[in-house]
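**Student:** As input, take input-v3.txt (compact mmCIF, C-alpha atoms (C1' of nucleotides)):
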# COMPACT_ATOMS: atom_id res chain seq x y z
CA MET A 15 169.60 22.88 5.40
CA SER A 16 173.07 24.41 5.26
CA ARG A 17 174.38 23.10 1.99
CA PRO A 18 177.13 20.54 2.41
CA GLU A 19 180.62 21.97 2.25
CA PRO A 20 183.26 20.10 0.30
CA LEU A 21 184.79 17.73 2.80
CA SER A 22 188.38 16.86 3.44
CA PRO A 23 189.80 13.78 1.71
CA GLU A 24 190.18 11.70 4.84
CA VAL A 25 186.57 12.28 5.74
CA ASN A 26 185.58 11.15 2.28
CA ALA A 27 187.61 8.00 2.70
CA ALA A 28 185.94 7.29 6.01
CA VAL A 29 182.53 7.91 4.52
CA ASP A 30 183.25 5.57 1.65
CA ALA A 31 184.41 2.90 4.05
CA ILE A 32 181.34 3.31 6.21
CA LEU A 33 178.99 3.13 3.26
CA GLU A 34 180.90 0.13 1.98
CA ALA A 35 180.43 -1.62 5.32
CA ILE A 36 176.74 -0.81 5.44
CA LEU A 37 176.26 -2.06 1.91
CA TYR A 38 178.08 -5.26 2.76
CA LEU A 39 176.08 -5.89 5.91
CA TYR A 40 172.82 -5.21 4.15
CA THR A 41 173.61 -7.46 1.23
CA GLU A 42 174.74 -10.22 3.51
CA SER A 43 171.70 -9.99 5.73
CA ARG A 44 169.49 -10.31 2.70
CA ARG A 45 171.41 -13.26 1.41
CA ILE A 46 171.10 -15.02 4.73
CA THR A 47 167.38 -14.37 4.99
CA LYS A 48 166.98 -15.82 1.56
CA GLU A 49 168.95 -18.90 2.49
CA VAL A 50 166.88 -19.51 5.62
CA ALA A 51 163.67 -18.96 3.68
CA LYS A 52 164.72 -21.51 1.13
CA ARG A 53 164.51 -24.29 3.69
CA ALA A 54 160.77 -23.65 3.88
CA SER A 55 160.47 -23.16 0.11
CA LEU A 56 159.87 -19.47 0.63
CA THR A 57 161.50 -16.37 -0.77
CA GLY A 58 163.11 -13.82 1.51
CA PRO A 59 160.25 -11.30 1.49
CA GLN A 60 157.72 -14.08 1.91
CA LEU A 61 159.44 -15.35 5.04
CA THR A 62 159.48 -11.82 6.39
CA VAL A 63 155.75 -11.47 5.80
CA VAL A 64 154.95 -14.82 7.36
CA LYS A 65 156.95 -13.96 10.46
CA ILE A 66 155.35 -10.54 10.84
CA LEU A 67 151.84 -11.91 10.50
CA GLU A 68 152.63 -14.70 12.94
CA GLN A 69 153.84 -12.24 15.54
CA ILE A 70 151.32 -9.43 15.27
CA GLY A 71 148.33 -10.95 13.49
CA ASP A 72 146.30 -9.62 10.56
CA LEU A 73 147.41 -6.44 8.86
CA SER A 74 146.03 -4.37 6.04
CA LEU A 75 148.11 -4.32 2.91
CA SER A 76 149.25 -0.77 3.59
CA GLU A 77 150.28 -1.56 7.14
CA LEU A 78 152.25 -4.49 5.81
CA SER A 79 153.91 -2.28 3.20
CA ASP A 80 155.00 0.11 5.94
CA ARG A 81 156.42 -2.72 8.02
CA ILE A 82 158.59 -4.08 5.29
CA ARG A 83 159.41 -0.69 3.80
CA ALA A 84 158.07 -1.40 0.35
CA GLN A 85 155.51 0.18 -1.93
CA ASN A 86 151.97 -1.12 -1.99
CA SER A 87 152.38 -2.24 -5.57
CA THR A 88 155.32 -4.41 -4.55
CA VAL A 89 153.46 -6.00 -1.67
CA THR A 90 150.43 -6.68 -3.84
CA GLY A 91 152.64 -8.90 -5.97
CA ILE A 92 154.17 -10.70 -2.99
CA ILE A 93 150.72 -11.36 -1.51
CA ASP A 94 149.43 -12.53 -4.89
CA ARG A 95 152.05 -15.24 -4.98
CA MET A 96 151.57 -16.17 -1.33
CA GLU A 97 147.82 -16.42 -1.82
CA ARG A 98 148.36 -18.63 -4.83
CA GLU A 99 150.43 -20.91 -2.60
CA GLY A 100 147.72 -20.92 0.06
CA LEU A 101 149.87 -19.20 2.69
CA VAL A 102 147.62 -16.18 3.26
CA ASP A 103 144.05 -15.04 2.63
CA ARG A 104 142.80 -11.66 1.52
CA VAL A 105 139.85 -10.59 3.63
CA ARG A 106 137.94 -7.50 2.61
CA SER A 107 137.35 -5.31 5.65
CA THR A 108 133.68 -4.77 6.47
CA GLU A 109 134.09 -1.35 8.07
CA ASP A 110 136.06 0.13 5.21
CA ARG A 111 135.57 -1.84 2.06
CA ARG A 112 138.65 -0.35 0.45
CA VAL A 113 141.02 -2.08 2.78
CA VAL A 114 142.17 -5.65 2.44
CA ARG A 115 143.36 -7.51 5.48
CA ILE A 116 146.05 -10.12 5.02
CA ARG A 117 145.64 -13.20 7.18
CA LEU A 118 147.84 -16.24 7.61
CA THR A 119 146.18 -19.53 6.68
CA LYS A 120 146.70 -22.71 8.68
CA LYS A 121 149.37 -23.66 6.21
CA GLY A 122 150.96 -20.27 6.69
CA PHE A 123 151.02 -20.64 10.45
CA ALA A 124 152.48 -24.10 10.18
CA LEU A 125 155.29 -22.77 8.03
CA ALA A 126 155.91 -19.89 10.40
CA ARG A 127 156.30 -22.30 13.29
CA GLU A 128 158.52 -24.56 11.26
CA VAL A 129 161.02 -21.79 10.53
CA SER A 130 161.48 -20.80 14.12
CA VAL A 131 165.08 -19.82 13.61
CA GLU A 132 165.49 -16.10 13.43
CA PRO A 133 166.88 -15.17 10.03
CA MET A 134 169.26 -12.74 11.65
CA GLU A 135 170.87 -15.30 13.92
CA MET A 136 174.24 -14.80 12.36
CA PHE A 137 174.10 -11.06 12.86
CA ARG A 138 173.03 -11.49 16.40
CA ALA A 139 175.98 -13.74 16.99
CA ALA A 140 178.37 -11.33 15.32
CA LEU A 141 176.99 -8.40 17.28
CA ASP A 142 177.14 -10.43 20.45
CA GLU A 143 180.87 -10.74 20.01
CA LEU A 144 181.22 -6.99 20.19
CA SER A 145 181.60 -5.54 23.65
CA GLY A 146 178.55 -4.06 25.32
CA ILE A 147 180.07 -0.63 24.94
CA GLU A 148 180.63 -1.11 21.25
CA GLN A 149 177.06 -2.27 20.81
CA ARG A 150 175.74 0.77 22.59
CA ASP A 151 178.00 3.11 20.65
CA LEU A 152 177.07 1.55 17.35
CA LEU A 153 173.38 1.84 18.04
CA THR A 154 173.69 5.41 19.27
CA ILE A 155 175.67 6.59 16.29
CA LEU A 156 173.61 4.75 13.71
CA THR A 157 170.43 6.09 15.20
CA LYS A 158 171.78 9.60 15.18
CA LEU A 159 172.88 9.18 11.59
CA ALA A 160 169.54 7.79 10.50
CA LYS A 161 167.74 10.64 12.20
CA ARG A 162 169.88 13.26 10.44
CA VAL A 163 169.34 11.68 7.06
CA GLN A 164 165.65 11.47 7.77
CA MET A 165 165.53 15.16 8.55
CA MET A 166 167.46 16.08 5.43
CA VAL A 167 165.22 13.98 3.26
CA HIS A 168 162.15 15.36 4.93
CA ASP A 169 162.76 19.05 4.46
CA GLY A 170 165.27 18.85 1.65
CA ARG A 171 164.24 18.80 -1.97
CA LYS A 172 165.02 22.46 -2.57
CA GLU A 173 168.60 22.59 -3.77
CA THR A 174 169.79 20.71 -6.81
CA MET B 13 182.63 -22.03 14.94
CA SER B 14 180.81 -21.93 18.25
CA ARG B 15 177.11 -22.14 17.62
CA PRO B 16 175.26 -18.99 18.65
CA GLU B 17 173.80 -19.10 22.14
CA PRO B 18 170.32 -17.73 22.75
CA LEU B 19 170.83 -14.10 23.60
CA SER B 20 169.27 -11.97 26.28
CA PRO B 21 166.20 -9.89 25.36
CA GLU B 22 167.87 -6.52 25.62
CA VAL B 23 170.61 -7.64 23.27
CA ASN B 24 167.97 -8.74 20.81
CA ALA B 25 166.30 -5.37 21.01
CA ALA B 26 169.59 -3.63 20.34
CA VAL B 27 170.30 -5.93 17.43
CA ASP B 28 166.89 -5.25 15.95
CA ALA B 29 167.40 -1.53 16.27
CA ILE B 30 170.82 -1.72 14.67
CA LEU B 31 169.55 -3.78 11.78
CA GLU B 32 166.62 -1.43 11.41
CA ALA B 33 168.98 1.52 11.16
CA ILE B 34 171.18 -0.23 8.62
CA LEU B 35 168.16 -1.16 6.54
CA TYR B 36 166.94 2.40 6.64
CA LEU B 37 170.27 3.88 5.65
CA TYR B 38 170.69 1.43 2.83
CA THR B 39 167.21 1.99 1.46
CA GLU B 40 167.62 5.73 1.66
CA SER B 41 171.00 5.72 -0.03
CA ARG B 42 169.53 3.74 -2.87
CA ARG B 43 166.60 6.07 -3.20
CA ILE B 44 168.91 9.07 -3.35
CA THR B 45 171.14 7.50 -5.98
CA LYS B 46 168.08 6.81 -8.04
CA GLU B 47 166.90 10.37 -7.72
CA VAL B 48 170.24 11.78 -8.81
CA ALA B 49 170.41 9.34 -11.70
CA LYS B 50 167.01 10.42 -12.89
CA ARG B 51 168.33 13.89 -13.73
CA ALA B 52 170.48 12.28 -16.38
CA SER B 53 167.74 9.87 -17.48
CA LEU B 54 169.64 7.00 -15.96
CA THR B 55 168.70 4.32 -13.47
CA GLY B 56 170.59 3.94 -10.19
CA PRO B 57 172.78 1.03 -11.24
CA GLN B 58 173.46 2.64 -14.60
CA LEU B 59 174.75 5.79 -12.93
CA THR B 60 176.95 3.67 -10.72
CA VAL B 61 178.41 1.89 -13.74
CA VAL B 62 178.98 5.13 -15.63
CA LYS B 63 180.80 6.66 -12.67
CA ILE B 64 182.99 3.61 -12.13
CA LEU B 65 184.00 3.42 -15.78
CA GLU B 66 184.70 7.14 -15.84
CA GLN B 67 186.99 6.88 -12.85
CA ILE B 68 188.93 3.70 -13.55
CA GLY B 69 188.46 3.07 -17.26
CA ASP B 70 187.50 -0.12 -19.09
CA LEU B 71 186.62 -3.18 -17.07
CA SER B 72 185.67 -6.72 -17.94
CA LEU B 73 182.13 -7.69 -17.14
CA SER B 74 183.26 -9.82 -14.21
CA GLU B 75 185.37 -7.05 -12.75
CA LEU B 76 182.39 -4.77 -13.03
CA SER B 77 180.17 -7.33 -11.29
CA ASP B 78 182.62 -7.51 -8.42
CA ARG B 79 182.70 -3.73 -8.08
CA ILE B 80 178.98 -3.36 -7.82
CA ARG B 81 178.45 -6.56 -5.87
CA ALA B 82 176.08 -8.16 -8.32
CA GLN B 83 176.00 -11.42 -10.25
CA ASN B 84 177.29 -11.54 -13.79
CA SER B 85 173.84 -12.34 -15.08
CA THR B 86 172.50 -9.16 -13.51
CA VAL B 87 175.24 -7.01 -14.98
CA THR B 88 174.77 -8.54 -18.41
CA GLY B 89 171.25 -7.14 -18.36
CA ILE B 90 172.33 -3.72 -17.19
CA ILE B 91 174.99 -3.51 -19.88
CA ASP B 92 172.52 -4.71 -22.51
CA ARG B 93 170.28 -1.75 -21.80
CA MET B 94 173.18 0.68 -21.59
CA GLU B 95 174.55 -0.56 -24.90
CA ARG B 96 171.12 -0.14 -26.47
CA GLU B 97 171.18 3.48 -25.28
CA GLY B 98 174.64 3.99 -26.70
CA LEU B 99 176.29 4.63 -23.33
CA VAL B 100 178.82 1.78 -23.48
CA ASP B 101 180.42 -0.56 -25.98
CA ARG B 102 181.23 -4.23 -25.59
CA VAL B 103 184.75 -4.95 -26.84
CA ARG B 104 185.87 -8.56 -27.11
CA SER B 105 189.33 -8.92 -25.62
CA THR B 106 191.95 -10.09 -28.08
CA GLU B 107 194.17 -11.87 -25.56
CA ASP B 108 191.39 -13.87 -24.02
CA ARG B 109 188.45 -14.11 -26.32
CA ARG B 110 186.14 -15.14 -23.50
CA VAL B 111 186.26 -11.78 -21.79
CA VAL B 112 184.26 -8.75 -22.79
CA ARG B 113 185.51 -5.35 -21.89
CA ILE B 114 182.98 -2.64 -21.16
CA ARG B 115 183.92 0.80 -22.44
CA LEU B 116 182.21 4.15 -22.06
CA THR B 117 181.21 5.76 -25.34
CA LYS B 118 181.57 9.50 -25.95
CA LYS B 119 177.95 9.85 -24.99
CA GLY B 120 178.63 7.88 -21.81
CA PHE B 121 181.55 10.12 -20.88
CA ALA B 122 179.50 13.22 -21.52
CA LEU B 123 176.82 11.94 -19.18
CA ALA B 124 179.36 11.05 -16.53
CA ARG B 125 180.75 14.57 -16.61
CA GLU B 126 177.27 16.04 -16.51
CA VAL B 127 176.36 14.24 -13.28
CA SER B 128 179.37 15.41 -11.35
CA VAL B 129 177.49 15.48 -8.06
CA GLU B 130 178.35 12.58 -5.85
CA PRO B 131 175.23 10.53 -5.26
CA MET B 132 176.16 10.16 -1.62
CA GLU B 133 176.36 13.85 -0.92
CA MET B 134 173.58 13.71 1.61
CA PHE B 135 175.25 10.92 3.54
CA ARG B 136 178.50 12.75 3.55
CA ALA B 137 176.77 15.75 4.96
CA ALA B 138 175.00 13.70 7.61
CA LEU B 139 178.20 11.94 8.57
CA ASP B 140 180.02 15.22 8.64
CA GLU B 141 177.71 16.40 11.38
CA LEU B 142 178.85 13.58 13.59
CA SER B 143 181.90 14.30 15.69
CA GLY B 144 185.23 13.01 14.50
CA ILE B 145 185.26 10.55 17.35
CA GLU B 146 181.86 9.22 16.42
CA GLN B 147 182.95 8.81 12.84
CA ARG B 148 186.01 6.88 13.86
CA ASP B 149 184.05 4.73 16.28
CA LEU B 150 181.38 3.99 13.73
CA LEU B 151 183.88 2.96 11.13
CA THR B 152 185.84 0.83 13.57
CA ILE B 153 182.80 -1.02 14.85
CA LEU B 154 181.18 -1.51 11.47
CA THR B 155 184.41 -2.82 10.05
CA LYS B 156 184.81 -5.23 12.93
CA LEU B 157 181.24 -6.36 12.50
CA ALA B 158 181.59 -6.85 8.77
CA LYS B 159 184.75 -8.84 9.31
CA ARG B 160 183.07 -11.15 11.81
CA VAL B 161 180.12 -11.76 9.55
CA GLN B 162 182.47 -12.40 6.69
CA MET B 163 184.32 -15.01 8.72
CA MET B 164 181.11 -16.70 9.80
CA VAL B 165 179.84 -16.83 6.26
CA HIS B 166 183.13 -18.08 5.02
CA ASP B 167 183.56 -21.09 7.26
CA GLY B 168 179.92 -21.54 8.21
CA ARG B 169 177.59 -23.71 6.18
CA LYS B 170 177.93 -26.73 8.46
CA GLU B 171 175.07 -26.47 10.92
CA THR B 172 171.43 -26.28 9.89
C1' DG C 5 122.13 13.27 -1.33
C1' DC C 6 125.77 14.36 -4.51
C1' DA C 7 129.89 16.13 -6.63
C1' DA C 8 134.80 16.57 -5.65
C1' DG C 9 138.65 15.24 -3.52
C1' DA C 10 141.07 11.84 -0.39
C1' DT C 11 142.51 7.19 0.58
C1' DG C 12 143.42 1.97 -0.18
C1' DT C 13 144.49 -1.30 -3.55
C1' DT C 14 145.53 -3.10 -8.04
C1' DT C 15 147.39 -2.98 -12.79
C1' DC C 16 150.95 -2.06 -15.96
C1' DG C 17 155.53 -1.52 -17.82
C1' DC C 18 160.11 -1.55 -16.90
C1' DG C 19 164.56 -2.44 -14.59
C1' DT C 20 167.05 -4.96 -11.52
C1' DG C 21 168.65 -9.31 -9.09
C1' DC C 22 169.36 -14.13 -8.63
C1' DG C 23 170.64 -19.20 -9.70
C1' DA C 24 170.94 -22.81 -13.00
C1' DA C 25 171.90 -24.21 -17.43
C1' DA C 26 173.88 -23.24 -21.92
C1' DT C 27 177.71 -21.53 -24.71
C1' DA C 28 182.34 -20.18 -25.85
C1' DT C 29 187.01 -20.17 -25.02
C1' DC C 30 191.16 -21.25 -22.46
C1' DG C 31 194.66 -24.29 -20.41
C1' DA C 32 196.57 -28.58 -19.09
C1' DT C 33 197.27 -33.49 -19.65
C1' DG C 34 197.81 -37.37 -22.11
C1' DC D 11 196.18 -32.60 -31.23
C1' DA D 12 192.02 -34.48 -28.80
C1' DT D 13 189.90 -34.11 -24.66
C1' DC D 14 188.58 -32.63 -20.18
C1' DG D 15 188.06 -29.50 -16.55
C1' DA D 16 188.24 -24.45 -15.50
C1' DT D 17 186.78 -19.77 -16.48
C1' DA D 18 183.94 -15.76 -18.79
C1' DT D 19 179.69 -14.55 -20.43
C1' DT D 20 174.94 -15.11 -21.82
C1' DT D 21 170.24 -16.99 -21.63
C1' DC D 22 166.22 -18.21 -19.19
C1' DG D 23 162.62 -18.13 -15.78
C1' DC D 24 161.15 -16.17 -11.81
C1' DA D 25 160.52 -12.80 -7.90
C1' DC D 26 161.00 -8.42 -6.36
C1' DG D 27 160.67 -3.23 -6.49
C1' DC D 28 159.21 1.07 -8.20
C1' DG D 29 156.16 4.97 -10.08
C1' DA D 30 152.18 6.28 -12.67
C1' DA D 31 147.67 5.45 -13.85
C1' DA D 32 143.33 3.08 -13.08
C1' DC D 33 139.82 1.70 -9.97
C1' DA D 34 136.95 1.29 -5.81
C1' DT D 35 135.35 3.25 -1.84
C1' DC D 36 135.11 6.72 1.67
C1' DT D 37 134.54 11.57 3.31
C1' DT D 38 133.66 16.22 3.11
C1' DG D 39 131.40 20.38 1.66
C1' DC D 40 127.56 22.07 -0.03
Produce structure tokens that represent the structure in this file.
**Tutor:**
Amino acid sequence: MSRPEPLSPEVNAAVDAILEAILYLYTESRRITKEVAKRASLTGPQLTVVKILEQIGDLSLSELSDRIRAQNSTVTGIIDRMEREGLVDRVRSTEDRRVVRIRLTKKGFALAREVSVEPMEMFRAALDELSGIEQRDLLTILTKLAKRVQMMVHDGRKET
Amino acid sequence: MSRPEPLSPEVNAAVDAILEAILYLYTESRRITKEVAKRASLTGPQLTVVKILEQIGDLSLSELSDRIRAQNSTVTGIIDRMEREGLVDRVRSTEDRRVVRIRLTKKGFALAREVSVEPMEMFRAALDELSGIEQRDLLTILTKLAKRVQMMVHDGRKET
DNA sequence: GCAAGATGTTTCGCGTGCGAAATATCGATG
DNA sequence: CATCGATATTTCGCACGCGAAACATCTTGC
């Protein structure tokens, strides 16, 4: 809503530093996921999908897209390649024939069990070294921040 | 370093939430950059490159890669397309003929001036709504976290 | 029951993004 | 000065990742 005022320089510096840190953490987390996935001859996104399906069972393609925060068209491609490798099956739903349910195959389950290590182990360890208070603060502030951004995005789109 | 112990469930939940928030913020920041870039018929990375070159002048391809945290091979592609559009020039360095310096063209500069809005305006606004204390805390904790991860990555790579 | 719109998925074209191998040049060592 | 290892960039093949358009199926209004 209220259009952002020009901010003071030191705030800008802090913002830059915060964004820098977030970018770094994100990049690193992705790199690590990829590295873990490689041990099972998977790509990062594929490992994510396998783990999700292992934990919560079949999902429609759209539900899966929501989970991993990607567009349907992206997930279609990922599932194509996983199906080709025999990791998942596409099962047309009988109730609504538009929807496709994605199901882990035996091979897929085997792989999921094999890579039991959580991809985020390193982050967990790093976070664990923070004090309990710091953890709580971090979560609180990040959540608040995410919520604000979400609101702005949601009802924004009016001003340049 | 000490191998990570299995962590308690509530810590795991907090970690998941924190990672979730970071993922969200990152994704959103990227989406916003893209949207801003679109106004100038640029892609997200291209806008980033244009803005960097505007602010600090010519850079070698490697220096540019470092700045935007991407591999050289990725940046080669980005610069290829930008050169095709007449936004930048490749200038072979005379001192060291291996290096290529990337230089904004007049057209590139014009575009950079045109998109004067900071892509991160929305984040700045969101962060600005946090209290000063929260901002400081967030920065402190994120920095600490990034540093820890960095250390782990740096001297890790020993255990499975 | 059927036309019109809504919803779920795929297709297409394009732009990243990466790692490994190729290429070009530099610098040091003999 | 020939060669060998280091450094800068490009090429290649592949896997995302997106938005727009196409397609299939469902639902609603009539």
**Student:** Return as AutoDock Vina command-line options the centre and edge lengths, in Å with one decimal, of the box along x, y and z that encloses every atom of stretch 20-38 of chain D in the file, padded by 4 Å per side.
**Tutor:**
--center_x 154.3 --center_y -1.0 --center_z -9.3 --size_x 49.3 --size_y 42.4 --size_z 33.1
**Student:** Using all atoms listed in the file, which protein or nucleic acid residues come within 12 Å of C:DG23? Drop anything in the same chain fewer than 6 positions from it, and give the result as a PDB file with C-alpha atoms (C1' of nucleotides), in the frame of the given file.
**Tutor:**
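See selection.pdb below for the written result:
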ATOM      1  CA  GLN B  83     176.000 -11.420 -10.250  1.00  0.00           C
ATOM      2  CA  ASN B  84     177.290 -11.540 -13.790  1.00  0.00           C
ATOM      3  CA  SER B  85     173.840 -12.340 -15.080  1.00  0.00           C
ATOM      4  CA  THR B  86     172.500  -9.160 -13.510  1.00  0.00           C
TER       5      THR B  86
ATOM      6  C1'  DC D  22     166.220 -18.210 -19.190  1.00  0.00           C
ATOM      7  C1'  DG D  23     162.620 -18.130 -15.780  1.00  0.00           C
ATOM      8  C1'  DC D  24     161.150 -16.170 -11.810  1.00  0.00           C
TER       9       DC D  24
END
**Student:** For chain D, which of A:Thr57, A:Leu37, A:Gly71, A:Lys48 is the closest residue, counting all atoms listed in the file?
**Tutor:**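 Among the listed residues, the smallest separation from chain D belongs to A:Thr57.
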**Student:** For the atom pair atom CA of A:Thr157 and atom CA of A:Ile70, what is the interatomic distance in Å to one decimal place?
**Tutor:** 24.6 Å
**Student:** Please build the interface table for chain D against chain A with a cut-off of 8 Å, listing for each qualifying residue the nearest atom pair and the distance in Å to one decimal; count all atoms listed in the file, order rows by chain and increasing number, and write it as a Markdown table.
**Tutor:**
| residue | atom | partner | partner_atom | distance |
| --- | --- | --- | --- | --- |
| D:DC26 | C1' | A:Thr88 | CA | 7.2 |
| D:DG27 | C1' | A:Thr88 | CA | 5.8 |
| D:DC28 | C1' | A:Gln85 | CA | 7.3 |
| D:DA34 | C1' | A:Arg112 | CA | 6.7 |
| D:DT35 | C1' | A:Arg112 | CA | 5.4 |
| D:DC36 | C1' | A:Asp110 | CA | 7.5 |
**Student:** Neighbours of D:DA30 within 12 Å (only C-alpha atoms (C1' of nucleotides); same-chain residues fewer than 5 positions away dropped), as a count of residues only?
**Tutor:** 5
**Student:** Rounded to one decimal, what separation in Å do you get between atom CA of B:Glu95 and atom CA of B:Ser53?
**Tutor:**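 Spanning atom CA of B:Glu95 to atom CA of B:Ser53 is a straight-line distance of 14.5 Å.
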**Student:** Residues near D:DT20, anyone? I mean within 9 Å using all atoms listed in the file, not counting same-chain ones fewer than 6 positions away, as a list in words.
**Tutor:**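 Non-adjacent residues within range: Ser85 and Thr88 of chain B; DA26 and DT27 of chain C.
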**Student:** One number please: atom CA of A:Lys161 to atom CA of B:Glu146, in Å, one decimal.
**Tutor:**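 Pair atom CA of A:Lys161 / atom CA of B:Glu146 returns 14.8 Å.
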**Student:** Taking all atoms listed in the file into account, which residues of chain A are within 9 Å of chain B, as a PyMOL selection string?
**Tutor:** chain A and resi 17-19+21+25-26+28-33+35-43+83+134-144+146+148-160+162-164+166-167
